[in-house]
Amino acid sequence: MTPLHNDNLFAALRAAFPSNLDAQAIETDNGLSYTWQDLERATAMMANLLASLGLPEGARIAVQVEKSVEAMVLYLATLRAGYVFLPLNTAYQSAEIEYFIGNAEPAVVVCSGANFGWVSKIAFTAGTQYVFTLNDDRTGTLLDRSATCSDQHTVAPRSADDLAAILYTSGTTGRSKGAMLTHGNMLSNAQVLKDYWGWQPDDVLIHALPIFHVHGLFVAIHGALLNGSKMIWLSRFDPKLVLKKMPEATVFMGVPTLYVRLLAEPGLTLEAARHMRLFIAGSAPLLIETFTDWQTRTGHTILERYGMSETAMLTSNPYRALEGERRGGTVGFPLPGVSLRVQDDEGQSLPMGEIGGIQVKGPNVFKGYWRMPEKTAE
């Protein structure tokens with residue numbers, strides 16, 4: 001029996017598409033334009049391709065490709081077809097890829113054509129059934145095969161607790177661990193941020209981040225899609241291009257180094273940033289000098305927030321002035337529905353100002369570490 005309500009994250013993102021599907025959804029830095037209808041059809045065709053492979057329930061789709069709109073479509077199609085997305089950093093070399101593929105045992109691996117030789121060897125040795133290529137110039141066997149599939153697809157039914165993605169943490173202590181995120185984890189987080197960051201109907205996002213980790217893949221993309229907002233898509237960060245696009249945009253998300261590089265541009269002025277509504281920083285601490293220089297140069301106060309692969313976003317400085325000030329060098333308050341506390345090694349709560357371990361609780365907190373029950377329990 002098909003459930004009446006589908007908790008598949010893609011179903012929620014799709015429901016937020018604007019009623020006019022012919023409107024522009026994405027504009028790229030190489031002159032391409034995608035409508036919402038294009039995203040609907042492309043994700044349907046790719047989801048149908050994945051469904052046609054007869055993959056087992058909960059199959060992982062591992063992806064190591066350069067940033068492109070088609071790479072984002074593959075992520076959305078994986079959700080749509082009900083499988084588990086596994087993004088891999090484009091800098092990973094063979095030893096790392098061997099570990100991730102061996103650990104996650106993906107049914108499908110998608111890599112860039114240039115890396116097909118060595119990646120496919122690792123994948124087939126590990127028992128992966130299918131290896132496709134996807135390049136950043138809209139070529140590759142994945143697109144060739146998808147082109148033959150139907151552009152009609154019913155979103156696979158999934159519960160909120162079903163696995164949607166596995167993100168490998170950087171592995172600062174021991175082997176890298178696969179954080180398991182569910183459809184419910186990611187949707188709850190995206191919905192909270194949509195409200196907390198005051199997304200507006202006419203917002204336009206400059207997307208200049210990579211899409212193999214939480215910031216660019218989840219926070220930025222889910223934010224724009226859940227709001228039915230257009231994205232200005234940059235394949236790589238280019239400060240001059242960001243400045244040029246600011247008058248057409250309202251939201252920018254970046255890591256601190258991007259703000260430092262923008263501050264080095266003479267063209268960064270009050271006038272250049274006049275049309276912008278919100279600048280968000282995360283993934284690393286923002287220096288107080290960068291925070292204050294940005295205020296002086298643009299008239300905007302950067303909103304810092306804090307999250308982890310295991311939890312998506314946890315805390316954020318306020319967007320609305322009535323909820324408090326955005327304070328440089330801090331990451332704000334716990335998001336609605338999220339609880340945080342700081343404890344010592346003995347499990348005692350620490351008073352304000354003391355340093356300890358952060359413990360978190362909320363609908364955004366991951367399901368556990370992939371095949372590591374002891375680490376999950378810990």
# chains A, B, ... in the order shown; residues from 1 in each chain; ligands from 1
call {"tool": "select_by_dssp", "arguments": {"residues": "region 113-321 of chain A", "states": "alpha helix (DSSP H)", "output": "PyMOL selection string"}}
result
chain A and resi 116-125+141-146+183-196+214+221-226+239-245+256-263+288-298
call {"tool": "write_last_selection", "arguments": {"atoms": "C-alpha atoms", "output": "mmCIF file, in the first residue's frame"}}
result
data_model
loop_
_atom_site.group_PDB
_atom_site.id
_atom_site.type_symbol
_atom_site.label_atom_id
_atom_site.label_comp_id
_atom_site.auth_asym_id
_atom_site.auth_seq_id
_atom_site.Cartn_x
_atom_site.Cartn_y
_atom_site.Cartn_z
ATOM 1 C CA PHE A 116 37.365 6.543 -15.064
ATOM 2 C CA GLY A 117 40.400 4.282 -15.545
ATOM 3 C CA TRP A 118 41.541 4.128 -11.934
ATOM 4 C CA VAL A 119 38.190 4.733 -10.210
ATOM 5 C CA SER A 120 36.399 1.967 -12.142
ATOM 6 C CA LYS A 121 39.191 -0.477 -11.308
ATOM 7 C CA ILE A 122 38.794 0.220 -7.575
ATOM 8 C CA ALA A 123 34.995 0.079 -7.829
ATOM 9 C CA PHE A 124 34.738 -3.160 -9.788
ATOM 10 C CA THR A 125 37.315 -4.819 -7.508
ATOM 11 C CA THR A 141 27.824 7.964 -19.917
ATOM 12 C CA LEU A 142 25.405 8.891 -17.096
ATOM 13 C CA LEU A 143 23.780 11.572 -19.268
ATOM 14 C CA ASP A 144 23.926 9.385 -22.396
ATOM 15 C CA ARG A 145 22.035 6.626 -20.588
ATOM 16 C CA SER A 146 19.583 9.011 -18.853
ATOM 17 C CA HIS A 183 15.243 12.451 4.820
ATOM 18 C CA GLY A 184 13.756 13.796 8.073
ATOM 19 C CA ASN A 185 17.095 15.136 9.373
ATOM 20 C CA MET A 186 17.658 17.216 6.267
ATOM 21 C CA LEU A 187 14.106 18.388 5.682
ATOM 22 C CA SER A 188 13.617 19.535 9.293
ATOM 23 C CA ASN A 189 16.870 21.502 9.110
ATOM 24 C CA ALA A 190 16.008 23.110 5.761
ATOM 25 C CA GLN A 191 12.532 24.124 6.971
ATOM 26 C CA VAL A 192 13.883 25.679 10.181
ATOM 27 C CA LEU A 193 16.541 27.667 8.258
ATOM 28 C CA LYS A 194 14.009 28.863 5.684
ATOM 29 C CA ASP A 195 12.127 30.602 8.474
ATOM 30 C CA TYR A 196 15.090 31.547 10.688
ATOM 31 C CA VAL A 214 26.999 20.014 3.921
ATOM 32 C CA ILE A 221 20.786 24.007 -2.408
ATOM 33 C CA HIS A 222 17.987 22.956 -0.030
ATOM 34 C CA GLY A 223 17.556 26.595 1.002
ATOM 35 C CA ALA A 224 17.085 27.828 -2.551
ATOM 36 C CA LEU A 225 14.929 24.906 -3.734
ATOM 37 C CA LEU A 226 12.668 24.877 -0.673
ATOM 38 C CA PRO A 239 35.456 37.140 -6.546
ATOM 39 C CA LYS A 240 35.089 39.456 -9.555
ATOM 40 C CA LEU A 241 32.171 37.436 -10.902
ATOM 41 C CA VAL A 242 30.492 37.356 -7.477
ATOM 42 C CA LEU A 243 30.733 41.171 -7.330
ATOM 43 C CA LYS A 244 29.336 41.455 -10.837
ATOM 44 C CA LYS A 245 26.362 39.240 -9.914
ATOM 45 C CA PRO A 256 35.627 32.757 5.624
ATOM 46 C CA THR A 257 38.343 32.638 2.917
ATOM 47 C CA LEU A 258 35.774 33.686 0.298
ATOM 48 C CA TYR A 259 34.976 36.816 2.313
ATOM 49 C CA VAL A 260 38.702 37.578 2.678
ATOM 50 C CA ARG A 261 39.142 37.275 -1.097
ATOM 51 C CA LEU A 262 36.119 39.502 -1.762
ATOM 52 C CA LEU A 263 37.509 42.129 0.630
ATOM 53 C CA ILE A 288 36.741 39.428 13.833
ATOM 54 C CA GLU A 289 38.766 41.669 11.432
ATOM 55 C CA THR A 290 36.952 40.112 8.455
ATOM 56 C CA PHE A 291 33.622 40.583 10.247
ATOM 57 C CA THR A 292 34.220 44.294 10.970
ATOM 58 C CA ASP A 293 35.916 45.063 7.619
ATOM 59 C CA TRP A 294 32.887 43.571 5.853
ATOM 60 C CA GLN A 295 30.512 45.755 7.881
ATOM 61 C CA THR A 296 32.516 48.886 7.004
ATOM 62 C CA ARG A 297 32.885 48.106 3.305
ATOM 63 C CA THR A 298 29.394 46.783 2.517
#
call {"tool": "residues_around", "arguments": {"residues": "Ser159 (chain A)", "least_positions_apart": "6", "cutoff": "9 Å", "atoms": "only C-alpha atoms", "output": "PyMOL selection string"}}
result
chain A and resi 5-8+182-184
call {"tool": "select_by_dssp", "arguments": {"residues": "region 27-178 of chain A", "states": "strand (DSSP E or B)", "output": "list in words"}}
result
Glu27, Thr28, Ser33, Tyr34, Thr35, Arg60, Ile61, Ala62, Val63, Gln64, Val84, Phe85, Leu86, Pro87, Val108, Val109, Val110, Cys111, Tyr130, Val131, Phe132, Thr133, Leu163, Ala164, Ala165, Ile166, Leu167, Tyr168 and Gly178 of chain A
call {"tool": "write_last_selection", "arguments": {"atoms": "N, CA and C atoms", "output": "JSON list (two decimals), in the first residue's frame"}}
result
[["chain", "number", "residue", "atom", "x", "y", "z"],
["A", 27, "GLU", "N", 21.03, 29.88, -13.42],
["A", 27, "GLU", "CA", 21.81, 30.54, -14.47],
["A", 27, "GLU", "C", 23.27, 30.22, -14.15],
["A", 28, "THR", "N", 24.02, 29.70, -15.13],
["A", 28, "THR", "CA", 25.40, 29.30, -14.83],
["A", 28, "THR", "C", 26.41, 30.35, -15.29],
["A", 33, "SER", "N", 21.21, 28.20, -19.09],
["A", 33, "SER", "CA", 20.03, 28.54, -18.29],
["A", 33, "SER", "C", 19.17, 27.29, -18.14],
["A", 34, "TYR", "N", 18.70, 27.03, -16.93],
["A", 34, "TYR", "CA", 17.84, 25.88, -16.66],
["A", 34, "TYR", "C", 16.53, 26.39, -16.07],
["A", 35, "THR", "N", 15.41, 25.89, -16.57],
["A", 35, "THR", "CA", 14.11, 26.23, -15.98],
["A", 35, "THR", "C", 13.77, 25.19, -14.91],
["A", 60, "ARG", "N", 23.70, 2.56, -2.17],
["A", 60, "ARG", "CA", 24.46, 3.81, -2.13],
["A", 60, "ARG", "C", 24.93, 4.18, -3.55],
["A", 61, "ILE", "N", 24.84, 5.46, -3.85],
["A", 61, "ILE", "CA", 25.33, 6.01, -5.11],
["A", 61, "ILE", "C", 26.50, 6.92, -4.75],
["A", 62, "ALA", "N", 27.74, 6.47, -5.01],
["A", 62, "ALA", "CA", 28.92, 7.27, -4.65],
["A", 62, "ALA", "C", 29.31, 8.16, -5.82],
["A", 63, "VAL", "N", 29.60, 9.43, -5.52],
["A", 63, "VAL", "CA", 29.81, 10.41, -6.59],
["A", 63, "VAL", "C", 31.06, 11.25, -6.33],
["A", 64, "GLN", "N", 32.01, 11.21, -7.27],
["A", 64, "GLN", "CA", 33.19, 12.07, -7.21],
["A", 64, "GLN", "C", 33.35, 12.75, -8.56],
["A", 84, "VAL", "N", 20.58, 6.24, -1.66],
["A", 84, "VAL", "CA", 21.38, 6.98, -0.68],
["A", 84, "VAL", "C", 22.56, 7.65, -1.38],
["A", 85, "PHE", "N", 22.68, 8.96, -1.24],
["A", 85, "PHE", "CA", 23.71, 9.73, -1.94],
["A", 85, "PHE", "C", 24.98, 9.80, -1.10],
["A", 86, "LEU", "N", 26.12, 9.57, -1.76],
["A", 86, "LEU", "CA", 27.40, 9.57, -1.07],
["A", 86, "LEU", "C", 28.38, 10.48, -1.83],
["A", 87, "PRO", "N", 28.46, 11.77, -1.44],
["A", 87, "PRO", "CA", 29.36, 12.69, -2.15],
["A", 87, "PRO", "C", 30.80, 12.51, -1.68],
["A", 108, "VAL", "N", 26.49, 1.88, -7.22],
["A", 108, "VAL", "CA", 26.80, 2.72, -8.39],
["A", 108, "VAL", "C", 27.89, 3.71, -7.99],
["A", 109, "VAL", "N", 28.87, 3.89, -8.87],
["A", 109, "VAL", "CA", 29.88, 4.94, -8.68],
["A", 109, "VAL", "C", 29.83, 5.84, -9.91],
["A", 110, "VAL", "N", 29.83, 7.14, -9.67],
["A", 110, "VAL", "CA", 29.87, 8.11, -10.77],
["A", 110, "VAL", "C", 31.13, 8.95, -10.60],
["A", 111, "CYS", "N", 31.96, 9.00, -11.64],
["A", 111, "CYS", "CA", 33.22, 9.75, -11.56],
["A", 111, "CYS", "C", 33.39, 10.58, -12.83],
["A", 130, "TYR", "N", 27.95, -0.88, -11.17],
["A", 130, "TYR", "CA", 27.87, 0.10, -12.25],
["A", 130, "TYR", "C", 28.80, 1.28, -12.00],
["A", 131, "VAL", "N", 29.56, 1.66, -13.02],
["A", 131, "VAL", "CA", 30.37, 2.89, -12.94],
["A", 131, "VAL", "C", 30.02, 3.75, -14.15],
["A", 132, "PHE", "N", 29.56, 4.96, -13.88],
["A", 132, "PHE", "CA", 29.21, 5.92, -14.94],
["A", 132, "PHE", "C", 30.17, 7.10, -14.88],
["A", 133, "THR", "N", 30.24, 7.83, -15.98],
["A", 133, "THR", "CA", 31.04, 9.07, -15.97],
["A", 133, "THR", "C", 30.11, 10.28, -16.10],
["A", 163, "LEU", "N", 17.29, 6.47, 5.26],
["A", 163, "LEU", "CA", 18.57, 7.07, 4.95],
["A", 163, "LEU", "C", 18.52, 7.80, 3.60],
["A", 164, "ALA", "N", 19.07, 9.03, 3.57],
["A", 164, "ALA", "CA", 19.09, 9.83, 2.34],
["A", 164, "ALA", "C", 20.52, 10.08, 1.85],
["A", 165, "ALA", "N", 21.46, 10.20, 2.79],
["A", 165, "ALA", "CA", 22.84, 10.51, 2.41],
["A", 165, "ALA", "C", 23.81, 9.99, 3.46],
["A", 166, "ILE", "N", 25.02, 9.69, 3.01],
["A", 166, "ILE", "CA", 26.12, 9.37, 3.92],
["A", 166, "ILE", "C", 27.23, 10.37, 3.62],
["A", 167, "LEU", "N", 27.67, 11.07, 4.66],
["A", 167, "LEU", "CA", 28.76, 12.04, 4.49],
["A", 167, "LEU", "C", 29.94, 11.58, 5.32],
["A", 168, "TYR", "N", 31.07, 11.37, 4.67],
["A", 168, "TYR", "CA", 32.26, 10.97, 5.43],
["A", 168, "TYR", "C", 32.90, 12.18, 6.09],
["A", 178, "GLY", "N", 31.40, 7.49, 8.30],
["A", 178, "GLY", "CA", 30.27, 7.87, 7.43],
["A", 178, "GLY", "C", 29.06, 8.28, 8.26]]
call {"tool": "atom_distance", "arguments": {"atom1": "CA of Asn115 (chain A)", "atom2": "CA of Val65 (chain A)"}}
result
9.2 Å
call {"tool": "residues_around", "arguments": {"residues": "Leu21 (chain A)", "least_positions_apart": "3", "cutoff": "9 Å", "atoms": "only C-alpha atoms", "output": "JSON, numbers by chain"}}
result
{"A": [17, 18, 24, 25, 35, 36, 37, 38, 40]}
call {"tool": "write_last_selection", "arguments": {"atoms": "C-alpha atoms", "output": "CSV table (one decimal), in the first residue's frame"}}
result
chain,number,residue,atom,x,y,z
A,17,PHE,CA,8.9,24.6,-7.1
A,18,PRO,CA,7.1,27.8,-8.4
A,24,GLN,CA,14.5,30.3,-14.8
A,25,ALA,CA,15.7,28.2,-11.9
A,35,THR,CA,14.1,26.2,-16.0
A,36,TRP,CA,12.2,24.5,-13.2
A,37,GLN,CA,10.8,22.3,-15.9
A,38,ASP,CA,14.3,21.3,-16.9
A,40,GLU,CA,11.8,18.3,-13.1
call {"tool": "residues_around", "arguments": {"residues": "Met276 (chain A)", "least_positions_apart": "5", "cutoff": "7 Å", "atoms": "only C-alpha atoms", "output": "list in words"}}
result
Met246, Ala249, Thr250 and Val251 of chain A
call {"tool": "closest_residue", "arguments": {"among": "A:Ala147, A:Leu340, A:Val255, A:Ala11", "to": "Ala281 (chain A)", "atoms": "only C-alpha atoms"}}
result
A:Val255
call {"tool": "closest_residue", "arguments": {"among": "A:Ser349, A:Asn317, A:Gln200, A:Gln93", "to": "Arg277 (chain A)", "atoms": "only C-alpha atoms"}}
result
A:Gln200
call {"tool": "closest_residue", "arguments": {"among": "A:Asn227, A:Ser339, A:Ser112, A:Asn48", "to": "Tyr83 (chain A)", "atoms": "only C-alpha atoms"}}
result
A:Asn48
call {"tool": "closest_atom_pairs", "arguments": {"of": "region 67-130 of chain A", "to": "region 135-139 of chain A", "cutoff": "10 Å", "atoms": "only C-alpha atoms", "output": "Markdown table"}}
result
| residue | atom | partner | partner_atom | distance |
| --- | --- | --- | --- | --- |
| A:Lys67 | CA | A:Asp136 | CA | 6.5 |
| A:Ser68 | CA | A:Asp136 | CA | 5.2 |
| A:Val69 | CA | A:Asp136 | CA | 8.2 |
| A:Glu70 | CA | A:Arg138 | CA | 6.9 |
| A:Ala71 | CA | A:Asp136 | CA | 8.0 |
| A:Val110 | CA | A:Asn135 | CA | 9.8 |
| A:Cys111 | CA | A:Asn135 | CA | 8.0 |
| A:Ser112 | CA | A:Asn135 | CA | 5.2 |
| A:Gly113 | CA | A:Asn135 | CA | 6.3 |
| A:Ala114 | CA | A:Asn135 | CA | 8.5 |
call {"tool": "atom_distance", "arguments": {"atom1": "CA of Pro210 (chain A)", "atom2": "CA of Ala160 (chain A)"}}
result
26.4 Å
call {"tool": "closest_residue", "arguments": {"among": "A:Gly216, A:Gly356, A:Pro373, A:Gly324", "to": "Ala312 (chain A)", "atoms": "only C-alpha atoms"}}
result
A:Gly216
call {"tool": "closest_residue", "arguments": {"among": "A:Arg158, A:Arg341, A:Lys375, A:Arg236", "to": "Lys361 (chain A)", "atoms": "only C-alpha atoms"}}
result
A:Arg341
call {"tool": "atom_distance", "arguments": {"atom1": "CA of Phe252 (chain A)", "atom2": "CA of Arg274 (chain A)"}}
result
13.0 Å
call {"tool": "closest_residue", "arguments": {"among": "A:Ala23, A:Ala44, A:Ile302, A:Leu314", "to": "Gln359 (chain A)", "atoms": "only C-alpha atoms"}}
result
A:Leu314
